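**Q** The following file, my_file-v3.cif, comprises mmCIF, C-alpha atoms and all ligand atoms:
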data_protein
loop_
_atom_site.group_PDB
_atom_site.id
_atom_site.type_symbol
_atom_site.label_atom_id
_atom_site.label_comp_id
_atom_site.auth_asym_id
_atom_site.auth_seq_id
_atom_site.Cartn_x
_atom_site.Cartn_y
_atom_site.Cartn_z
ATOM 1 C CA MET B 300 65.574 -42.196 118.402
ATOM 2 C CA LEU B 301 62.815 -43.862 116.402
ATOM 3 C CA ARG B 302 61.351 -41.480 113.881
ATOM 4 C CA TRP B 303 58.684 -43.002 111.649
ATOM 5 C CA ASN B 304 58.945 -40.201 109.115
ATOM 6 C CA ASN B 305 62.584 -41.087 108.423
ATOM 7 C CA PRO B 306 62.167 -42.773 104.999
ATOM 8 C CA LEU B 307 65.260 -44.991 105.250
ATOM 9 C CA LEU B 308 64.410 -46.166 108.754
ATOM 10 C CA SER B 309 60.764 -46.833 107.973
ATOM 11 C CA LYS B 310 61.862 -48.735 104.861
ATOM 12 C CA ARG B 311 64.136 -50.901 106.999
ATOM 13 C CA ILE B 312 61.356 -51.447 109.536
ATOM 14 C CA SER B 313 58.984 -52.447 106.725
ATOM 15 C CA ALA B 314 61.553 -54.917 105.417
ATOM 16 C CA LEU B 315 61.995 -56.322 108.929
ATOM 17 C CA LEU B 316 58.233 -56.652 109.388
ATOM 18 C CA ALA B 317 57.948 -58.399 106.038
ATOM 19 C CA ALA B 318 60.709 -60.816 107.057
ATOM 20 C CA ILE B 319 58.957 -61.547 110.371
ATOM 21 C CA MET B 320 55.688 -62.170 108.556
ATOM 22 C CA LEU B 321 57.430 -64.532 106.143
ATOM 23 C CA LEU B 322 58.827 -66.429 109.127
ATOM 24 C CA VAL B 323 55.345 -66.632 110.642
ATOM 25 C CA LEU B 324 54.090 -67.878 107.298
ATOM 26 C CA ALA B 325 56.863 -70.422 106.953
ATOM 27 C CA SER B 326 56.171 -71.897 110.389
ATOM 28 C CA ALA B 327 52.410 -71.898 109.730
ATOM 29 C CA CYS B 328 52.946 -73.705 106.429
ATOM 30 C CA GLY B 329 55.058 -76.349 108.127
ATOM 31 C CA SER B 330 52.027 -77.662 109.963
ATOM 32 C CA SER B 331 49.322 -77.079 107.376
ATOM 33 C CA GLN B 332 48.578 -77.692 103.727
ATOM 34 C CA ALA B 333 51.863 -76.663 102.157
ATOM 35 C CA THR B 334 53.692 -79.924 102.706
ATOM 36 C CA GLU B 335 55.460 -79.892 99.329
ATOM 37 C CA PRO B 336 59.053 -78.702 99.307
ATOM 38 C CA PRO B 337 59.401 -75.090 98.198
ATOM 39 C CA SER B 338 60.433 -74.732 94.597
ATOM 40 C CA GLY B 339 61.164 -71.543 92.744
ATOM 41 C CA ASN B 340 59.946 -73.023 89.472
ATOM 42 C CA ARG B 341 56.489 -73.965 90.578
ATOM 43 C CA LEU B 342 53.500 -71.714 90.133
ATOM 44 C CA ALA B 343 52.381 -70.419 93.556
ATOM 45 C CA VAL B 344 48.676 -71.135 93.980
ATOM 46 C CA VAL B 345 46.782 -69.971 97.070
ATOM 47 C CA THR B 346 43.242 -71.156 97.799
ATOM 48 C CA THR B 347 40.860 -70.223 100.590
ATOM 49 C CA THR B 348 39.939 -73.827 101.554
ATOM 50 C CA ALA B 349 41.727 -77.200 101.617
ATOM 51 C CA LEU B 350 39.059 -78.591 99.310
ATOM 52 C CA LEU B 351 39.870 -76.015 96.619
ATOM 53 C CA ALA B 352 43.572 -76.730 97.220
ATOM 54 C CA ASP B 353 42.977 -80.394 96.419
ATOM 55 C CA LEU B 354 41.188 -79.483 93.168
ATOM 56 C CA ALA B 355 44.019 -77.082 92.232
ATOM 57 C CA ARG B 356 46.645 -79.798 92.908
ATOM 58 C CA ASN B 357 44.811 -82.213 90.649
ATOM 59 C CA VAL B 358 44.733 -79.760 87.736
ATOM 60 C CA GLY B 359 48.142 -78.213 88.427
ATOM 61 C CA GLY B 360 50.002 -81.447 89.153
ATOM 62 C CA GLU B 361 53.774 -81.100 89.443
ATOM 63 C CA LEU B 362 53.712 -77.570 88.077
ATOM 64 C CA VAL B 363 52.129 -75.931 91.103
ATOM 65 C CA GLN B 364 52.718 -75.429 94.796
ATOM 66 C CA VAL B 365 49.374 -74.978 96.553
ATOM 67 C CA THR B 366 48.680 -73.390 99.934
ATOM 68 C CA ALA B 367 45.254 -73.234 101.612
ATOM 69 C CA LEU B 368 44.457 -70.340 103.956
ATOM 70 C CA VAL B 369 41.913 -72.182 106.152
ATOM 71 C CA PRO B 370 43.759 -74.883 108.168
ATOM 72 C CA PRO B 371 42.663 -78.548 107.942
ATOM 73 C CA GLY B 372 39.575 -79.305 110.026
ATOM 74 C CA ALA B 373 38.691 -75.631 110.585
ATOM 75 C CA ASP B 374 35.401 -73.963 109.673
ATOM 76 C CA VAL B 375 35.689 -71.629 106.680
ATOM 77 C CA HIS B 376 32.574 -69.582 107.588
ATOM 78 C CA SER B 377 34.150 -68.344 110.824
ATOM 79 C CA PHE B 378 37.767 -68.207 109.595
ATOM 80 C CA GLN B 379 39.877 -65.306 110.864
ATOM 81 C CA SER B 380 42.925 -64.484 108.789
ATOM 82 C CA THR B 381 46.424 -63.794 110.121
ATOM 83 C CA PRO B 382 49.185 -61.491 108.770
ATOM 84 C CA GLY B 383 50.770 -64.665 107.327
ATOM 85 C CA ASP B 384 47.720 -65.064 105.089
ATOM 86 C CA SER B 385 48.306 -61.604 103.579
ATOM 87 C CA VAL B 386 51.906 -62.559 102.828
ATOM 88 C CA ALA B 387 50.839 -65.872 101.233
ATOM 89 C CA ILE B 388 48.283 -64.050 99.047
ATOM 90 C CA SER B 389 50.839 -61.394 98.070
ATOM 91 C CA LEU B 390 53.195 -64.138 96.797
ATOM 92 C CA ALA B 391 50.495 -65.965 94.794
ATOM 93 C CA ASP B 392 50.579 -66.281 91.009
ATOM 94 C CA LEU B 393 47.018 -67.611 91.128
ATOM 95 C CA MET B 394 44.435 -67.020 93.870
ATOM 96 C CA VAL B 395 41.392 -69.321 94.027
ATOM 97 C CA SER B 396 38.332 -68.756 96.189
ATOM 98 C CA ASN B 397 34.872 -70.332 96.126
ATOM 99 C CA GLY B 398 32.670 -67.233 96.116
ATOM 100 C CA GLY B 399 29.216 -66.604 97.591
ATOM 101 C CA ASP B 400 28.415 -66.922 101.294
ATOM 102 C CA LEU B 401 31.340 -69.286 101.828
ATOM 103 C CA ASP B 402 34.435 -67.100 101.588
ATOM 104 C CA ARG B 403 33.287 -63.809 100.011
ATOM 105 C CA PHE B 404 34.143 -62.093 103.305
ATOM 106 C CA LEU B 405 37.815 -62.689 102.418
ATOM 107 C CA ASP B 406 37.548 -60.624 99.196
ATOM 108 C CA PRO B 407 38.796 -57.356 100.806
ATOM 109 C CA LEU B 408 41.845 -59.208 102.198
ATOM 110 C CA ILE B 409 42.497 -60.823 98.802
ATOM 111 C CA GLN B 410 42.045 -57.575 96.877
ATOM 112 C CA GLY B 411 44.286 -55.739 99.307
ATOM 113 C CA SER B 412 47.109 -58.315 99.225
ATOM 114 C CA LEU B 413 47.115 -59.861 95.742
ATOM 115 C CA SER B 414 49.751 -58.523 93.348
ATOM 116 C CA ASP B 415 48.614 -56.765 90.171
ATOM 117 C CA ASP B 416 49.971 -59.444 87.832
ATOM 118 C CA ALA B 417 48.420 -62.400 89.708
ATOM 119 C CA VAL B 418 45.381 -64.223 88.305
ATOM 120 C CA ARG B 419 42.179 -64.384 90.349
ATOM 121 C CA VAL B 420 39.644 -67.235 90.087
ATOM 122 C CA VAL B 421 36.273 -67.442 91.842
ATOM 123 C CA ALA B 422 35.578 -71.137 91.206
ATOM 124 C CA ALA B 423 31.782 -70.984 91.631
ATOM 125 C CA ARG B 424 31.379 -67.826 89.540
ATOM 126 C CA PRO B 425 29.399 -69.397 86.630
ATOM 127 C CA LEU B 426 27.139 -71.227 89.106
ATOM 128 C CA LEU B 427 26.549 -68.152 91.280
ATOM 129 C CA ALA B 428 25.840 -66.138 88.120
ATOM 130 C CA ALA B 429 22.965 -68.551 87.415
ATOM 131 C CA GLY B 430 21.283 -67.190 90.557
ATOM 132 C CA ASN B 431 21.887 -70.050 92.999
ATOM 133 C CA THR B 432 22.740 -68.794 96.482
ATOM 134 C CA ASP B 433 23.873 -71.982 98.297
ATOM 135 C CA PRO B 434 27.687 -71.783 97.891
ATOM 136 C CA HIS B 435 28.353 -75.512 98.607
ATOM 137 C CA PHE B 436 28.209 -76.467 94.912
ATOM 138 C CA TRP B 437 30.874 -79.211 95.183
ATOM 139 C CA GLN B 438 28.355 -81.439 96.928
ATOM 140 C CA ASN B 439 27.227 -82.200 93.363
ATOM 141 C CA PRO B 440 30.249 -83.565 91.405
ATOM 142 C CA GLU B 441 28.769 -82.164 88.167
ATOM 143 C CA PHE B 442 29.236 -78.681 89.621
ATOM 144 C CA THR B 443 32.775 -79.606 90.711
ATOM 145 C CA VAL B 444 33.558 -80.040 87.025
ATOM 146 C CA THR B 445 32.695 -76.332 86.635
ATOM 147 C CA TYR B 446 35.084 -75.531 89.518
ATOM 148 C CA VAL B 447 37.973 -77.356 87.874
ATOM 149 C CA GLU B 448 37.202 -75.746 84.501
ATOM 150 C CA GLU B 449 37.582 -72.352 86.172
ATOM 151 C CA ILE B 450 40.804 -73.459 87.914
ATOM 152 C CA ARG B 451 42.184 -74.871 84.634
ATOM 153 C CA ASP B 452 41.456 -71.574 82.859
ATOM 154 C CA GLY B 453 43.123 -69.652 85.703
ATOM 155 C CA LEU B 454 46.242 -71.850 85.541
ATOM 156 C CA ILE B 455 46.480 -71.448 81.761
ATOM 157 C CA ASN B 456 46.033 -67.711 82.145
ATOM 158 C CA ALA B 457 48.826 -67.539 84.754
ATOM 159 C CA ASP B 458 51.137 -69.980 82.941
ATOM 160 C CA PRO B 459 50.204 -70.197 79.233
ATOM 161 C CA GLY B 460 53.383 -72.111 78.339
ATOM 162 C CA ASN B 461 52.064 -75.201 80.159
ATOM 163 C CA ALA B 462 48.495 -75.025 78.826
ATOM 164 C CA ALA B 463 48.614 -78.522 77.312
ATOM 165 C CA THR B 464 49.622 -80.098 80.650
ATOM 166 C CA TYR B 465 46.856 -78.302 82.550
ATOM 167 C CA GLN B 466 44.327 -79.400 79.926
ATOM 168 C CA ALA B 467 45.526 -83.031 80.111
ATOM 169 C CA ASN B 468 45.398 -83.018 83.950
ATOM 170 C CA PHE B 469 41.918 -81.525 83.763
ATOM 171 C CA ASP B 470 40.724 -84.242 81.357
ATOM 172 C CA THR B 471 42.027 -86.992 83.677
ATOM 173 C CA TYR B 472 40.454 -85.449 86.772
ATOM 174 C CA LYS B 473 37.148 -84.781 85.008
ATOM 175 C CA ASP B 474 36.942 -88.520 84.213
ATOM 176 C CA ARG B 475 37.481 -89.255 87.917
ATOM 177 C CA LEU B 476 34.667 -86.826 88.838
ATOM 178 C CA ILE B 477 32.277 -88.515 86.410
ATOM 179 C CA LYS B 478 33.178 -91.880 87.974
ATOM 180 C CA LEU B 479 32.723 -90.382 91.449
ATOM 181 C CA ASP B 480 29.207 -89.220 90.563
ATOM 182 C CA PHE B 481 28.366 -92.759 89.401
ATOM 183 C CA ASP B 482 29.939 -94.356 92.523
ATOM 184 C CA ILE B 483 27.983 -92.070 94.891
ATOM 185 C CA ALA B 484 24.707 -92.784 93.104
ATOM 186 C CA SER B 485 25.240 -96.552 93.242
ATOM 187 C CA THR B 486 26.377 -96.530 96.903
ATOM 188 C CA ILE B 487 23.490 -94.474 98.271
ATOM 189 C CA GLY B 488 21.096 -96.149 95.829
ATOM 190 C CA ARG B 489 21.015 -98.976 98.404
ATOM 191 C CA VAL B 490 19.088 -96.677 100.792
ATOM 192 C CA GLY B 491 15.305 -97.050 100.492
ATOM 193 C CA GLN B 492 13.327 -94.056 99.202
ATOM 194 C CA ALA B 493 11.674 -93.313 102.578
ATOM 195 C CA ARG B 494 15.046 -93.168 104.328
ATOM 196 C CA ARG B 495 16.732 -90.761 101.923
ATOM 197 C CA ARG B 496 16.709 -88.110 104.618
ATOM 198 C CA LEU B 497 19.933 -86.328 105.435
ATOM 199 C CA ILE B 498 19.799 -84.405 108.691
ATOM 200 C CA THR B 499 22.936 -82.331 109.256
ATOM 201 C CA PHE B 500 24.270 -79.487 111.320
ATOM 202 C CA HIS B 501 24.600 -76.691 108.750
ATOM 203 C CA ASP B 502 22.729 -76.390 105.475
ATOM 204 C CA ALA B 503 25.467 -77.480 103.063
ATOM 205 C CA PHE B 504 23.906 -80.418 101.214
ATOM 206 C CA GLY B 505 21.197 -78.857 99.048
ATOM 207 C CA HIS B 506 23.117 -79.569 95.822
ATOM 208 C CA PHE B 507 23.797 -83.134 96.952
ATOM 209 C CA ALA B 508 20.078 -83.567 97.657
ATOM 210 C CA SER B 509 18.931 -82.303 94.278
ATOM 211 C CA ARG B 510 21.524 -84.398 92.446
ATOM 212 C CA TYR B 511 20.653 -87.706 94.142
ATOM 213 C CA GLY B 512 16.993 -87.233 95.071
ATOM 214 C CA TRP B 513 17.378 -86.834 98.821
ATOM 215 C CA LYS B 514 15.661 -84.533 101.304
ATOM 216 C CA VAL B 515 17.855 -82.484 103.651
ATOM 217 C CA THR B 516 17.136 -80.771 106.930
ATOM 218 C CA ALA B 517 19.715 -78.670 108.759
ATOM 219 C CA PHE B 518 19.951 -77.228 112.243
ATOM 220 C CA VAL B 519 21.549 -73.967 111.092
ATOM 221 C CA ALA B 520 21.656 -71.983 107.822
ATOM 222 C CA SER B 521 24.151 -72.432 104.975
ATOM 223 C CA ASP B 522 26.450 -69.683 106.286
ATOM 224 C CA GLY B 523 27.004 -71.516 109.601
ATOM 225 C CA GLY B 524 25.866 -69.824 112.812
ATOM 226 C CA GLU B 525 24.553 -70.684 116.270
ATOM 227 C CA VAL B 526 22.302 -73.666 116.861
ATOM 228 C CA SER B 527 19.107 -73.212 118.871
ATOM 229 C CA PRO B 528 18.360 -76.093 121.282
ATOM 230 C CA GLY B 529 14.638 -75.696 120.453
ATOM 231 C CA ARG B 530 15.291 -76.360 116.766
ATOM 232 C CA VAL B 531 17.392 -79.454 117.586
ATOM 233 C CA VAL B 532 14.649 -80.947 119.771
ATOM 234 C CA GLU B 533 11.997 -80.171 117.140
ATOM 235 C CA ILE B 534 13.965 -81.861 114.333
ATOM 236 C CA LEU B 535 14.905 -84.901 116.447
ATOM 237 C CA GLU B 536 11.258 -85.353 117.406
ATOM 238 C CA GLU B 537 10.433 -85.503 113.690
ATOM 239 C CA VAL B 538 13.357 -87.895 113.070
ATOM 240 C CA ARG B 539 12.097 -90.270 115.745
ATOM 241 C CA GLU B 540 8.500 -90.145 114.484
ATOM 242 C CA GLN B 541 9.628 -91.005 110.971
ATOM 243 C CA GLY B 542 11.897 -93.830 112.118
ATOM 244 C CA ILE B 543 15.080 -92.299 110.690
ATOM 245 C CA PRO B 544 17.950 -94.094 112.468
ATOM 246 C CA ALA B 545 20.714 -91.479 112.204
ATOM 247 C CA VAL B 546 21.547 -87.800 111.907
ATOM 248 C CA PHE B 547 24.940 -86.527 110.706
ATOM 249 C CA ALA B 548 27.392 -84.189 112.397
ATOM 250 C CA GLU B 549 30.189 -82.389 110.565
ATOM 251 C CA PRO B 550 33.665 -82.712 112.132
ATOM 252 C CA GLN B 551 34.282 -78.930 112.155
ATOM 253 C CA PHE B 552 30.957 -78.302 113.959
ATOM 254 C CA ARG B 553 30.941 -80.816 116.821
ATOM 255 C CA SER B 554 27.916 -79.904 118.901
ATOM 256 C CA ASP B 555 27.151 -81.103 122.426
ATOM 257 C CA VAL B 556 23.586 -79.877 121.957
ATOM 258 C CA LEU B 557 23.170 -82.239 118.994
ATOM 259 C CA ASP B 558 24.981 -85.183 120.633
ATOM 260 C CA ASN B 559 22.919 -84.955 123.829
ATOM 261 C CA ALA B 560 19.581 -84.490 122.074
ATOM 262 C CA ALA B 561 20.313 -87.388 119.710
ATOM 263 C CA GLN B 562 21.251 -89.691 122.568
ATOM 264 C CA GLU B 563 18.027 -88.815 124.332
ATOM 265 C CA ALA B 564 16.016 -89.507 121.188
ATOM 266 C CA GLY B 565 17.835 -92.821 120.612
ATOM 267 C CA VAL B 566 19.167 -91.615 117.250
ATOM 268 C CA GLU B 567 22.707 -92.376 116.107
ATOM 269 C CA VAL B 568 25.032 -89.483 115.197
ATOM 270 C CA GLY B 569 27.066 -90.305 112.103
ATOM 271 C CA SER B 570 29.840 -88.244 110.574
ATOM 272 C CA ILE B 571 29.658 -86.308 107.301
ATOM 273 C CA TYR B 572 32.034 -83.863 105.649
ATOM 274 C CA SER B 573 30.658 -80.632 104.225
ATOM 275 C CA ASP B 574 33.234 -77.847 103.759
ATOM 276 C CA ALA B 575 36.367 -78.944 105.591
ATOM 277 C CA LEU B 576 38.875 -81.687 104.865
ATOM 278 C CA ASP B 577 41.048 -82.886 107.746
ATOM 279 C CA ASP B 578 43.879 -85.312 108.489
ATOM 280 C CA ASP B 579 41.570 -88.336 108.075
ATOM 281 C CA VAL B 580 39.848 -87.284 104.852
ATOM 282 C CA THR B 581 42.372 -85.418 102.748
ATOM 283 C CA SER B 582 40.881 -85.179 99.269
ATOM 284 C CA TYR B 583 37.598 -84.072 97.740
ATOM 285 C CA ILE B 584 36.931 -87.482 96.138
ATOM 286 C CA ASP B 585 37.713 -89.338 99.409
ATOM 287 C CA MET B 586 35.372 -86.963 101.236
ATOM 288 C CA MET B 587 32.466 -87.606 98.877
ATOM 289 C CA LEU B 588 32.983 -91.394 98.980
ATOM 290 C CA PHE B 589 33.296 -91.333 102.790
ATOM 291 C CA ASN B 590 29.966 -89.467 102.986
ATOM 292 C CA ALA B 591 28.189 -91.829 100.583
ATOM 293 C CA LYS B 592 29.409 -94.942 102.422
ATOM 294 C CA ASN B 593 28.401 -93.526 105.813
ATOM 295 C CA LEU B 594 24.928 -92.586 104.581
ATOM 296 C CA ALA B 595 24.426 -96.034 103.073
ATOM 297 C CA ARG B 596 25.701 -97.784 106.208
ATOM 298 C CA LEU B 597 23.668 -95.854 108.776
ATOM 299 C CA LEU B 598 20.405 -95.282 106.910
ATOM 300 C CA ARG B 599 19.623 -98.471 105.048
HETATM 301 ZN ZN ZN B 601 29.400 -74.330 104.789
#
As structure tokens, please, write out the structure in this file.
Ligand SMILES: [Zn+2]
**A**
Amino acid sequence: MLRWNNPLLSKRISALLAAIMLLVLASACGSSQATEPPSGNRLAVVTTTALLADLARNVGGELVQVTALVPPGADVHSFQSTPGDSVAISLADLMVSNGGDLDRFLDPLIQGSLSDDAVRVVAARPLLAAGNTDPHFWQNPEFTVTYVEEIRDGLINADPGNAATYQANFDTYKDRLIKLDFDIASTIGRVGQARRRLITFHDAFGHFASRYGWKVTAFVASDGGEVSPGRVVEILEEVREQGIPAVFAEPQFRSDVLDNAAQEAGVEVGSIYSDALDDDVTSYIDMMLFNAKNLARLLR
């Protein structure tokens, strides 16, 4: 007879449940971000998004094994965690989230699952502390440098013996981010001043706009949400009046409302990446260059 107050039995059931959850996790990992072979020597890093996972891999290099909770191509704002996510977090040596209205809703899950001796990094913490509420800071590569500084400090905190390697990886990646910033500016610099209008689905490009002198308009707020057909028609009317040739849809938010309204208005719908990487665009730097090239191609 099953008696839940039998301590030995409930201990065995707990162990069985934990094993099942590990199996679920293992099969989930097989198809998602954790493509590296498991290694007992590597530092286990868990991030909320694939974008943060890419940053962590660049600073951690060969010393880390990184797993992202949100699967490739999925929307972080509406992410729903599974029991496998709790297991992944509980095994982490370092947990990295963005912070703010991007993934703050996962804090209770993280706090409830993370082990006491793990290190916790909220990558946007210094930027959020400055009072800015739009959590999509990485759209400005200068702010991404702050993210990787926080990740570097977290890695050194979790694994002080390899501090010099993390610092060296950070220095190399920071140079690439500075070059990225320059490459974006020169690519989209080909777009005339009047056409520096980025019209997107959700409001994720404010930091991009202030960095490169663009104006952005979005159909829905920065925390995602439902699109109103009235708002789409209103914005597309404005787009047509101003002679802007394209608006930009994000792969994780494909919207029939937007596609249909754009077709009616004779406006092209380009593609732009905001929060989510996918199988086509797998790194932060590739994502930013993809966006810059698409903007330059469709708007100039
Ligand atoms: Zn977003």
**Q** For ligand ZN 601 (chain B), which residue among B:Asn593, B:Asn397, B:Ser527, B:Ser414 is the nearest when counting only C-alpha atoms and all ligand atoms?
**A**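 Of B:Asn593, B:Asn397, B:Ser527, B:Ser414, the one nearest ligand ZN 601 (chain B) is B:Asn397, counting only C-alpha atoms and all ligand atoms.
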**Q** Build an axis-aligned box that encloses every atom of segment 572-587 of chain B listed in the file, pad it by 6 Å on each side, and report its centre and edge lengths in Å to one decimal, as lines of an AutoDock Vina configuration file.
**A**
center_x = 37.3
center_y = -83.6
center_z = 102.3
size_x = 25.2
size_y = 23.5
size_z = 24.4
**Q** Name the closest residue to Asn590 of chain B among the candidates B:Ser521, B:Asp574, B:Arg510, B:Ile483; distances are taken between atoms, counting all atoms listed in the file.
**A**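 Of all the options, B:Ile483 lies closest to Asn590 of chain B.
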**Q** Which residues, written as a list in words, have at least one atom at most 10 Å from Val526 of chain B, with all atoms listed in the file counted and residues fewer than 4 positions away on the same chain left out?
**A**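 Those residues are Phe500, His501, Ala517, Phe518, Val519, Ala520, Arg530, Val531, Ser554, Val556 and Leu557 of chain B.
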**Q** What's the separation between atom CA of Gly453 of chain B and atom CA of Asn439 of chain B, in Å to one decimal place?
**A**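 The value is 21.7 Å.
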**Q** Residues within 8 Å of segment 358-373 of chain B, please, as a ChimeraX atom specification. Count all atoms listed in the file; anything in the same chain fewer than 5 positions from it doesn't count.
**A** /B:328,331-333,335,337-338,340-349,351-352,378,380,384,387,447,450-451,454,465-466,468-469,472,550-551,575-578
**Q** Let me make sure I understand: among B:Thr471, B:Gln562, B:Ser573, B:Ser485, which one has the smallest atom-to-atom distance to Ala548 of chain B if we use all atoms listed in the file?
**A**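 Of all the options, B:Ser573 lies closest to Ala548 of chain B.
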**Q** Pull out every residue that the PyMOL selection byres (((not hetatm)) within 8 of (chain B and resi 601)) matches in the shown coordinates and put them as a VMD selection string.
**A** chain B and resid 374 to 376 401 434 to 435 501 to 503 521 to 523 573 to 574
**Q** Using C-alpha atoms, can you write the selected residues to a file as a PDB file, keeping the file's coordinate frame?
**A**
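Full text of result.pdb as output:
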ATOM      1  CA  ASP B 374      35.401 -73.963 109.673  1.00  0.00           C
ATOM      2  CA  VAL B 375      35.689 -71.629 106.680  1.00  0.00           C
ATOM      3  CA  HIS B 376      32.574 -69.582 107.588  1.00  0.00           C
ATOM      4  CA  LEU B 401      31.340 -69.286 101.828  1.00  0.00           C
ATOM      5  CA  PRO B 434      27.687 -71.783  97.891  1.00  0.00           C
ATOM      6  CA  HIS B 435      28.353 -75.512  98.607  1.00  0.00           C
ATOM      7  CA  HIS B 501      24.600 -76.691 108.750  1.00  0.00           C
ATOM      8  CA  ASP B 502      22.729 -76.390 105.475  1.00  0.00           C
ATOM      9  CA  ALA B 503      25.467 -77.480 103.063  1.00  0.00           C
ATOM     10  CA  SER B 521      24.151 -72.432 104.975  1.00  0.00           C
ATOM     11  CA  ASP B 522      26.450 -69.683 106.286  1.00  0.00           C
ATOM     12  CA  GLY B 523      27.004 -71.516 109.601  1.00  0.00           C
ATOM     13  CA  SER B 573      30.658 -80.632 104.225  1.00  0.00           C
ATOM     14  CA  ASP B 574      33.234 -77.847 103.759  1.00  0.00           C
TER      15      ASP B 574
END
**Q** Which is closer to Ala561 of chain B than all the others in B:Asp416, B:Glu536, B:Asp402, B:Asp579, using all atoms listed in the file?
**A**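 Counting all atoms listed in the file, the residue closest to Ala561 of chain B is B:Glu536.
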**Q** Using atom CA of Thr516 of chain B and atom CA of Phe504 of chain B as the two end points, give the distance in Å to one decimal.
**A** 8.9 Å
**Q** Nearest to Ala428 of chain B among B:Gly399, B:Leu598, B:Leu497, B:Ser509, with distances taken over all atoms listed in the file: which residue is it?
**A** B:Gly399
**Q** Residues near Tyr511 of chain B, anyone? I mean within 12 Å using all atoms listed in the file, not counting same-chain ones fewer than 2 positions away, as a PyMOL selection string.
**A** chain B and resi 438-441+480-488+490+492+495-497+504-509+513-515+591
**Q** Quick one: everything within 6 Å of Leu393 of chain B, counting only C-alpha atoms, minus sequence neighbours fewer than 4 positions away in the same chain. Send it as a PyMOL selection string.
**A** chain B and resi 344+417-419
**Q** For a quick check of understanding, using all atoms listed in the file, which of B:Glu449, B:Asp433, B:Asp415, B:Asp474 has the smallest distance to Ile584 of chain B?
**A**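 Ranking B:Glu449, B:Asp433, B:Asp415, B:Asp474 by distance to Ile584 of chain B, first place goes to B:Asp474.
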**Q** If we count all atoms listed in the file, what is near Leu597 of chain B at a cut-off of 9 Å, once residues fewer than 4 positions away on the same chain are taken out, given as number ranges by chain?
**A** B: 544-546, 567, 569, 592-593
**Q** Can I get the selected residues back with C-alpha atoms, as a tab-separated table (two decimals), in the coordinates of the input?
**A**
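What landed in part-v5.tsv:
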chain	number	residue	atom	x	y	z
B	544	PRO	CA	17.95	-94.09	112.47
B	545	ALA	CA	20.71	-91.48	112.20
B	546	VAL	CA	21.55	-87.80	111.91
B	567	GLU	CA	22.71	-92.38	116.11
B	569	GLY	CA	27.07	-90.30	112.10
B	592	LYS	CA	29.41	-94.94	102.42
B	593	ASN	CA	28.40	-93.53	105.81
**Q** How far is it from atom CA of Ala422 of chain B to atom CA of Tyr446 of chain B, in Å with one decimal?
**A** 4.7 Å
